[in-house]
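Here's final.cif, which has mmCIF, C-alpha atoms:
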data_run
loop_
_atom_site.group_PDB
_atom_site.id
_atom_site.type_symbol
_atom_site.label_atom_id
_atom_site.label_comp_id
_atom_site.auth_asym_id
_atom_site.auth_seq_id
_atom_site.Cartn_x
_atom_site.Cartn_y
_atom_site.Cartn_z
ATOM 1 C CA TYR C 1 63.774 21.113 27.813
ATOM 2 C CA VAL C 2 66.144 19.925 25.111
ATOM 3 C CA SER C 3 69.293 22.017 25.410
ATOM 4 C CA GLU C 4 70.835 24.116 22.671
ATOM 5 C CA GLU C 5 73.958 21.985 23.082
ATOM 6 C CA GLU C 6 72.039 18.796 22.292
ATOM 7 C CA LEU C 7 70.288 20.406 19.313
ATOM 8 C CA SER C 8 73.664 21.466 17.917
ATOM 9 C CA HIS C 9 74.595 17.767 17.547
ATOM 10 C CA TYR C 10 71.842 17.314 14.934
ATOM 11 C CA ARG C 11 72.354 20.379 12.752
ATOM 12 C CA PHE C 12 73.209 18.535 9.572
ATOM 13 C CA THR C 13 71.455 18.631 6.230
ATOM 14 C CA VAL C 14 71.165 15.316 4.413
ATOM 15 C CA PRO C 15 69.868 14.570 0.882
ATOM 16 C CA TYR C 16 66.684 12.961 2.305
ATOM 17 C CA MET C 17 65.527 16.388 3.531
ATOM 18 C CA LYS C 18 65.717 17.791 -0.004
ATOM 19 C CA GLU C 19 64.104 14.629 -1.423
ATOM 20 C CA ARG C 20 61.137 15.320 0.867
ATOM 21 C CA GLY C 21 60.960 18.896 -0.387
ATOM 22 C CA LEU C 22 62.468 20.853 2.479
ATOM 23 C CA THR C 23 64.238 24.075 1.564
ATOM 24 C CA ASP C 24 67.323 25.477 3.294
ATOM 25 C CA GLU C 25 65.170 28.302 4.689
ATOM 26 C CA ILE C 26 62.650 25.902 6.252
ATOM 27 C CA ILE C 27 65.393 23.612 7.586
ATOM 28 C CA ALA C 28 66.981 26.606 9.337
ATOM 29 C CA LYS C 29 63.743 28.189 10.610
ATOM 30 C CA TYR C 30 62.408 24.932 12.078
ATOM 31 C CA ASP C 31 65.872 23.675 13.084
ATOM 32 C CA VAL C 32 65.322 20.360 11.258
ATOM 33 C CA GLY C 33 68.299 18.089 11.807
ATOM 34 C CA PHE C 34 69.676 14.590 11.410
ATOM 35 C CA ASP C 35 70.731 11.942 13.924
ATOM 36 C CA SER C 36 72.636 9.024 12.377
ATOM 37 C CA ASN C 37 73.065 7.257 15.732
ATOM 38 C CA TYR C 38 69.536 7.189 17.179
ATOM 39 C CA VAL C 39 68.784 3.868 18.870
ATOM 40 C CA PRO C 40 65.109 3.705 19.915
ATOM 41 C CA GLU C 41 64.197 2.009 23.164
ATOM 42 C CA GLY C 42 63.954 -1.735 22.614
ATOM 43 C CA LYS C 43 66.081 -1.662 19.446
ATOM 44 C CA LYS C 44 69.706 -2.685 19.059
ATOM 45 C CA LYS C 45 70.763 -0.941 15.882
ATOM 46 C CA PRO C 46 70.739 2.788 15.133
ATOM 47 C CA ILE C 47 67.926 4.101 12.951
ATOM 48 C CA PRO C 48 69.197 7.168 11.067
ATOM 49 C CA SER C 49 66.485 9.788 11.549
ATOM 50 C CA ILE C 50 65.450 13.321 10.740
ATOM 51 C CA THR C 51 64.953 15.356 13.932
ATOM 52 C CA PHE C 52 62.146 17.886 14.331
ATOM 53 C CA PRO C 53 62.401 20.001 17.508
ATOM 54 C CA VAL C 54 58.912 20.353 18.993
ATOM 55 C CA ARG C 55 58.736 23.747 20.676
ATOM 56 C CA ASP C 56 56.256 25.395 22.983
ATOM 57 C CA ILE C 57 54.762 28.798 22.167
ATOM 58 C CA ASN C 58 57.780 30.503 23.799
ATOM 59 C CA GLY C 59 60.360 28.624 21.715
ATOM 60 C CA ASN C 60 61.530 26.144 24.346
ATOM 61 C CA THR C 61 62.263 22.744 22.780
ATOM 62 C CA LEU C 62 60.084 20.213 24.600
ATOM 63 C CA PHE C 63 61.321 17.108 22.788
ATOM 64 C CA LEU C 64 62.426 15.789 19.406
ATOM 65 C CA CYS C 65 60.114 14.095 16.956
ATOM 66 C CA ARG C 66 62.126 11.675 14.820
ATOM 67 C CA ARG C 67 61.362 10.217 11.411
ATOM 68 C CA SER C 68 63.550 7.483 9.943
ATOM 69 C CA ILE C 69 65.037 8.154 6.536
ATOM 70 C CA GLN C 70 64.193 4.574 5.502
ATOM 71 C CA GLY C 71 60.714 3.210 6.082
ATOM 72 C CA LYS C 72 58.086 5.036 8.112
ATOM 73 C CA PHE C 73 59.393 4.817 11.664
ATOM 74 C CA PHE C 74 58.316 7.730 13.891
ATOM 75 C CA SER C 75 59.507 8.288 17.441
ATOM 76 C CA TYR C 76 58.374 10.545 20.275
ATOM 77 C CA PRO C 77 59.373 10.316 23.933
ATOM 78 C CA TYR C 78 57.265 7.764 25.764
ATOM 79 C CA GLY C 79 54.269 9.194 27.609
ATOM 80 C CA VAL C 80 54.570 12.740 26.259
ATOM 81 C CA THR C 81 51.396 14.742 25.605
ATOM 82 C CA LYS C 82 51.872 15.918 22.046
ATOM 83 C CA PRO C 83 51.568 19.680 21.574
ATOM 84 C CA LEU C 84 51.176 21.423 18.218
ATOM 85 C CA TYR C 85 54.309 21.152 16.117
ATOM 86 C CA GLY C 86 55.164 24.526 14.582
ATOM 87 C CA ILE C 87 53.208 26.717 17.009
ATOM 88 C CA TYR C 88 56.305 28.774 17.852
ATOM 89 C CA GLU C 89 57.112 29.380 14.187
ATOM 90 C CA LEU C 90 53.605 30.546 13.200
ATOM 91 C CA PRO C 91 53.458 34.106 11.891
ATOM 92 C CA LYS C 92 52.355 36.346 14.773
ATOM 93 C CA HIS C 93 49.170 37.546 13.072
ATOM 94 C CA ALA C 94 48.267 34.511 10.991
ATOM 95 C CA ARG C 95 44.692 34.768 9.781
ATOM 96 C CA ARG C 96 44.443 31.201 8.426
ATOM 97 C CA VAL C 97 46.255 28.117 9.734
ATOM 98 C CA TYR C 98 46.478 24.718 8.056
ATOM 99 C CA ILE C 99 46.260 21.745 10.430
ATOM 100 C CA CYS C 100 48.240 18.702 9.259
ATOM 101 C CA GLU C 101 49.111 15.293 10.680
ATOM 102 C CA SER C 102 52.874 15.202 10.153
ATOM 103 C CA CYS C 103 55.817 17.560 10.364
ATOM 104 C CA PHE C 104 56.610 17.040 6.673
ATOM 105 C CA ASN C 105 53.045 17.922 5.669
ATOM 106 C CA ALA C 106 53.050 21.111 7.755
ATOM 107 C CA LEU C 107 56.434 22.142 6.365
ATOM 108 C CA THR C 108 55.175 21.527 2.818
ATOM 109 C CA CYS C 109 52.257 23.900 3.501
ATOM 110 C CA VAL C 110 54.743 26.482 4.802
ATOM 111 C CA LYS C 111 56.869 26.026 1.678
ATOM 112 C CA TYR C 112 53.743 26.717 -0.400
ATOM 113 C CA GLY C 113 53.046 29.930 1.516
ATOM 114 C CA GLN C 114 50.551 28.746 4.142
ATOM 115 C CA ALA C 115 50.890 29.021 7.925
ATOM 116 C CA ALA C 116 50.669 25.479 9.302
ATOM 117 C CA VAL C 117 50.972 23.262 12.358
ATOM 118 C CA ALA C 118 51.147 19.485 12.749
ATOM 119 C CA LEU C 119 49.315 17.303 15.239
ATOM 120 C CA LEU C 120 51.879 14.478 15.151
ATOM 121 C CA GLY C 121 48.822 12.317 14.636
ATOM 122 C CA THR C 122 45.132 13.206 14.350
ATOM 123 C CA GLY C 123 44.731 15.415 17.398
ATOM 124 C CA ASN C 124 44.268 15.335 21.159
ATOM 125 C CA PRO C 125 42.388 17.575 23.642
ATOM 126 C CA TYR C 126 45.525 19.564 24.531
ATOM 127 C CA GLN C 127 46.169 20.370 20.868
ATOM 128 C CA ILE C 128 42.544 21.394 20.373
ATOM 129 C CA ARG C 129 42.874 23.775 23.316
ATOM 130 C CA GLN C 130 46.075 25.207 21.785
ATOM 131 C CA LEU C 131 44.318 25.675 18.424
ATOM 132 C CA LYS C 132 41.420 27.501 20.079
ATOM 133 C CA GLU C 133 43.844 29.853 21.828
ATOM 134 C CA LEU C 134 45.548 30.908 18.569
ATOM 135 C CA GLY C 135 42.842 33.469 17.842
ATOM 136 C CA VAL C 136 42.900 32.885 14.074
ATOM 137 C CA GLU C 137 39.938 33.560 11.798
ATOM 138 C CA GLU C 138 40.141 30.353 9.753
ATOM 139 C CA PHE C 139 41.405 26.802 10.065
ATOM 140 C CA VAL C 140 42.007 24.493 7.119
ATOM 141 C CA ILE C 141 41.936 20.866 8.219
ATOM 142 C CA ALA C 142 44.419 19.078 5.985
ATOM 143 C CA LEU C 143 44.652 15.585 7.462
ATOM 144 C CA ASP C 144 45.481 12.544 5.353
ATOM 145 C CA PRO C 145 42.677 11.105 3.162
ATOM 146 C CA ASP C 146 42.349 7.835 5.099
ATOM 147 C CA GLU C 147 40.061 6.508 7.820
ATOM 148 C CA ALA C 148 42.078 7.989 10.708
ATOM 149 C CA GLY C 149 42.299 11.327 8.888
ATOM 150 C CA ARG C 150 38.539 11.419 8.233
ATOM 151 C CA LYS C 151 37.764 10.687 11.896
ATOM 152 C CA GLY C 152 40.274 13.302 13.026
ATOM 153 C CA THR C 153 38.814 15.840 10.593
ATOM 154 C CA ALA C 154 35.285 15.316 11.938
ATOM 155 C CA ARG C 155 36.517 15.649 15.544
ATOM 156 C CA LEU C 156 38.482 18.846 14.793
ATOM 157 C CA LYS C 157 35.658 20.396 12.789
ATOM 158 C CA LYS C 158 33.225 19.886 15.645
ATOM 159 C CA ALA C 159 35.677 21.189 18.253
ATOM 160 C CA LEU C 160 36.804 24.296 16.356
ATOM 161 C CA GLN C 161 33.635 25.511 14.636
ATOM 162 C CA ASP C 162 32.739 27.810 17.532
ATOM 163 C CA VAL C 163 36.049 29.759 17.396
ATOM 164 C CA ALA C 164 36.775 30.147 13.663
ATOM 165 C CA ILE C 165 35.626 29.344 10.151
ATOM 166 C CA VAL C 166 36.678 25.744 9.544
ATOM 167 C CA TRP C 167 37.479 24.451 6.074
ATOM 168 C CA THR C 168 38.404 20.950 4.989
ATOM 169 C CA LEU C 169 41.077 20.547 2.320
ATOM 170 C CA SER C 170 39.636 18.392 -0.447
ATOM 171 C CA GLY C 171 41.238 16.702 -3.428
ATOM 172 C CA ILE C 172 44.295 14.987 -1.952
ATOM 173 C CA PRO C 173 44.452 11.660 -3.821
ATOM 174 C CA GLU C 174 43.767 8.525 -1.791
ATOM 175 C CA GLY C 175 47.005 7.020 -0.503
ATOM 176 C CA LYS C 176 48.829 10.367 -0.755
ATOM 177 C CA ASP C 177 49.338 13.283 1.587
ATOM 178 C CA ILE C 178 50.258 16.946 1.177
ATOM 179 C CA ASN C 179 53.986 16.202 1.113
ATOM 180 C CA ASP C 180 53.448 14.125 -2.041
ATOM 181 C CA LEU C 181 52.027 17.112 -3.957
ATOM 182 C CA ASP C 182 53.914 19.595 -6.087
ATOM 183 C CA TYR C 183 52.953 23.257 -5.907
ATOM 184 C CA GLU C 184 50.574 23.127 -8.899
ATOM 185 C CA SER C 185 48.707 20.116 -7.438
ATOM 186 C CA PHE C 186 48.554 21.825 -4.031
ATOM 187 C CA LYS C 187 47.047 24.989 -5.576
ATOM 188 C CA GLN C 188 44.281 22.907 -7.191
ATOM 189 C CA LEU C 189 43.051 21.513 -3.856
ATOM 190 C CA GLU C 190 39.672 22.868 -2.778
ATOM 191 C CA LEU C 191 38.456 24.240 0.524
ATOM 192 C CA ILE C 192 35.023 22.853 1.397
#

Target format structure tokens, applied to this file:
Amino acid sequence: YVSEEELSHYRFTVPYMKERGLTDEIIAKYDVGFDSNYVPEGKKKPIPSITFPVRDINGNTLFLCRRSIQGKFFSYPYGVTKPLYGIYELPKHARRVYICESCFNALTCVKYGQAAVALLGTGNPYQIRQLKELGVEEFVIALDPDEAGRKGTARLKKALQDVAIVWTLSGIPEGKDINDLDYESFKQLELI
């Protein structure tokens, strides 16, 4: 596990977090941080990155997901099986859970009052098993409106339809994702 001592090195708030819509409450609850000195394997220069602790259902930090503050560089430890991001922070008796691709998208849903998790991609068998074990009544699949997102949505819908009502979030403009939407635009999205 990632130690509390290591996590304490990243507990900084930077303007980029606010630019992406994170609130102080969400930053604290999800322990979102910043690492100005992260040098990915195979790189020579640091890539300043936002850190997202990925926790198991008991709150143990398994690893850090990193997102550069310039460009779209994402980093996960090599060879890790990605679990659901945000599973530990879900409300205990959530009835409906939004399923997103990225940490920022899930945290935007939370900011707008919806329980949410992120797949750190478009889903794997381990994550599907975790989703099935949540015991929720409804899932809202809120993947990006692109080819990978459509394929992931179809796969998730098929896998989850026997354990809950499964909705697809419709109306996200092409080339955008949930994190690009303000609250009014988010409220206008449809469940189909």

Give me, as CSV, the closest atom pair and its distance (Å, one decimal) for every residue of range 61-102 of chain C within a cut-off of 10 Å of range 178-188 of chain C, counting only C-alpha atoms, rows sorted by chain and rising number.
residue,atom,partner,partner_atom,distance
C:Cys100,CA,C:Ile178,CA,8.5
C:Glu101,CA,C:Ile178,CA,9.7
C:Ser102,CA,C:Asn179,CA,9.2

Using all atoms listed in the file, which protein or nucleic acid residues come within 12 Å of range 37-43 of chain C? Drop anything in the same chain fewer than 4 positions from it, and give the result as an MDAnalysis selection string.
chainID C and resid 9:10 47:51 64:69 73:78

Go ahead and write the residues just picked, C-alpha atoms, as a CSV table (one decimal), in the frame of the given file.
chain,number,residue,atom,x,y,z
C,9,HIS,CA,74.6,17.8,17.5
C,10,TYR,CA,71.8,17.3,14.9
C,47,ILE,CA,67.9,4.1,13.0
C,48,PRO,CA,69.2,7.2,11.1
C,49,SER,CA,66.5,9.8,11.5
C,50,ILE,CA,65.4,13.3,10.7
C,51,THR,CA,65.0,15.4,13.9
C,64,LEU,CA,62.4,15.8,19.4
C,65,CYS,CA,60.1,14.1,17.0
C,66,ARG,CA,62.1,11.7,14.8
C,67,ARG,CA,61.4,10.2,11.4
C,68,SER,CA,63.6,7.5,9.9
C,69,ILE,CA,65.0,8.2,6.5
C,73,PHE,CA,59.4,4.8,11.7
C,74,PHE,CA,58.3,7.7,13.9
C,75,SER,CA,59.5,8.3,17.4
C,76,TYR,CA,58.4,10.5,20.3
C,77,PRO,CA,59.4,10.3,23.9
C,78,TYR,CA,57.3,7.8,25.8

On this structure, which residues satisfy the PyMOL selection byres ((chain C and resi 12-14) around 8), written as a list in words?
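This file, filtered by the PyMOL selection byres ((chain C and resi 12-14) around 8), leaves Tyr10, Arg11, Pro15, Tyr16, Met17, Lys18, Ile27, Gly33 and Phe34 of chain C.
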
Show me, as an MDAnalysis selection string, the residues that have an atom within 7 Å of range 120-133 of chain C when counting all atoms listed in the file, minus same-chain residues fewer than 5 positions from it.
chainID C and resid 83:84 101:103 149 152 160 163

Top pick for closest residue to Asp56 in chain C, considering C:Ala28, C:Val136, C:Leu107, C:Ile87 and counting only C-alpha atoms
C:Ile87

Pick from C:Arg20, C:Pro53, C:Lys29, C:Glu89: nearest to Glu4 in chain C, with only C-alpha atoms counted?
C:Pro53

Please determine, counting all atoms listed in the file, which residue among C:Lys151, C:Ala94, C:Ile26, C:Gln70 has the shortest atom-to-atom distance to Pro46 in chain C.
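Of all the options, C:Gln70 lies closest to Pro46 in chain C.
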
One number please: CA of Pro145 in chain C to CA of Leu191 in chain C, in Å, one decimal.
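We find that CA of Pro145 in chain C and CA of Leu191 in chain C lie 14.0 Å from each other.
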
Given the PyMOL selection byres ((chain C and resi 93) around 10), the residues it picks as JSON, numbers by chain
{"C": [90, 91, 92, 94, 95, 96, 134, 135, 136]}

Between CA of Leu189 in chain C and CA of Tyr30 in chain C lies a distance of 25.3 Å

If you measure from CA of Phe104 in chain C to CA of Ala118 in chain C, what distance in Å do you get, rounded to one decimal?
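So the two atoms, CA of Phe104 in chain C and CA of Ala118 in chain C, lie 8.5 Å apart.
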
If I only have part of range 57-72 of chain C, can you fill in N, CA, C and O atoms and write it as a short mmCIF file (atom, residue, chain, number, x, y, z; two decimals), in the frame of the given file?
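Output (out.cif):
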data_model
loop_
_atom_site.label_atom_id
_atom_site.label_comp_id
_atom_site.auth_asym_id
_atom_site.auth_seq_id
_atom_site.Cartn_x
_atom_site.Cartn_y
_atom_site.Cartn_z
N ILE C 57 55.07 27.49 22.75
CA ILE C 57 54.76 28.80 22.17
C ILE C 57 55.86 29.83 22.44
O ILE C 57 55.99 30.82 21.73
N ASN C 58 56.70 29.58 23.45
CA ASN C 58 57.78 30.50 23.80
C ASN C 58 59.11 30.12 23.16
O ASN C 58 60.12 30.79 23.38
N GLY C 59 59.14 29.03 22.40
CA GLY C 59 60.36 28.62 21.72
C GLY C 59 61.22 27.63 22.45
O GLY C 59 62.29 27.24 21.96
N ASN C 60 60.78 27.17 23.62
CA ASN C 60 61.53 26.14 24.35
C ASN C 60 61.32 24.79 23.66
O ASN C 60 60.18 24.43 23.35
N THR C 61 62.39 24.05 23.42
CA THR C 61 62.26 22.74 22.78
C THR C 61 61.86 21.71 23.82
O THR C 61 62.61 21.40 24.74
N LEU C 62 60.65 21.18 23.65
CA LEU C 62 60.08 20.21 24.60
C LEU C 62 60.66 18.82 24.39
O LEU C 62 60.95 18.12 25.35
N PHE C 63 60.78 18.42 23.13
CA PHE C 63 61.32 17.11 22.79
C PHE C 63 61.58 17.08 21.29
O PHE C 63 61.26 18.03 20.58
N LEU C 64 62.18 15.98 20.83
CA LEU C 64 62.43 15.79 19.41
C LEU C 64 61.47 14.74 18.85
O LEU C 64 61.31 13.67 19.44
N CYS C 65 60.86 15.07 17.74
CA CYS C 65 60.11 14.10 16.96
C CYS C 65 61.13 13.57 15.94
O CYS C 65 61.88 14.35 15.37
N ARG C 66 61.16 12.26 15.75
CA ARG C 66 62.13 11.68 14.82
C ARG C 66 61.39 10.87 13.76
O ARG C 66 60.40 10.21 14.04
N ARG C 67 61.93 10.94 12.54
CA ARG C 67 61.36 10.22 11.41
C ARG C 67 62.51 9.55 10.68
O ARG C 67 63.46 10.20 10.27
N SER C 68 62.46 8.21 10.59
CA SER C 68 63.55 7.48 9.94
C SER C 68 63.65 7.88 8.47
O SER C 68 62.65 8.23 7.84
N ILE C 69 64.86 7.82 7.94
CA ILE C 69 65.04 8.15 6.54
C ILE C 69 64.78 6.94 5.63
O ILE C 69 64.74 7.08 4.43
N GLN C 70 64.59 5.78 6.23
CA GLN C 70 64.19 4.57 5.50
C GLN C 70 62.98 4.01 6.21
O GLN C 70 62.98 3.86 7.42
N GLY C 71 61.93 3.70 5.47
CA GLY C 71 60.71 3.21 6.08
C GLY C 71 59.92 4.36 6.67
O GLY C 71 60.15 5.53 6.37
N LYS C 72 58.97 4.02 7.53
CA LYS C 72 58.09 5.04 8.11
C LYS C 72 58.10 4.99 9.63
O LYS C 72 57.06 5.07 10.28
#
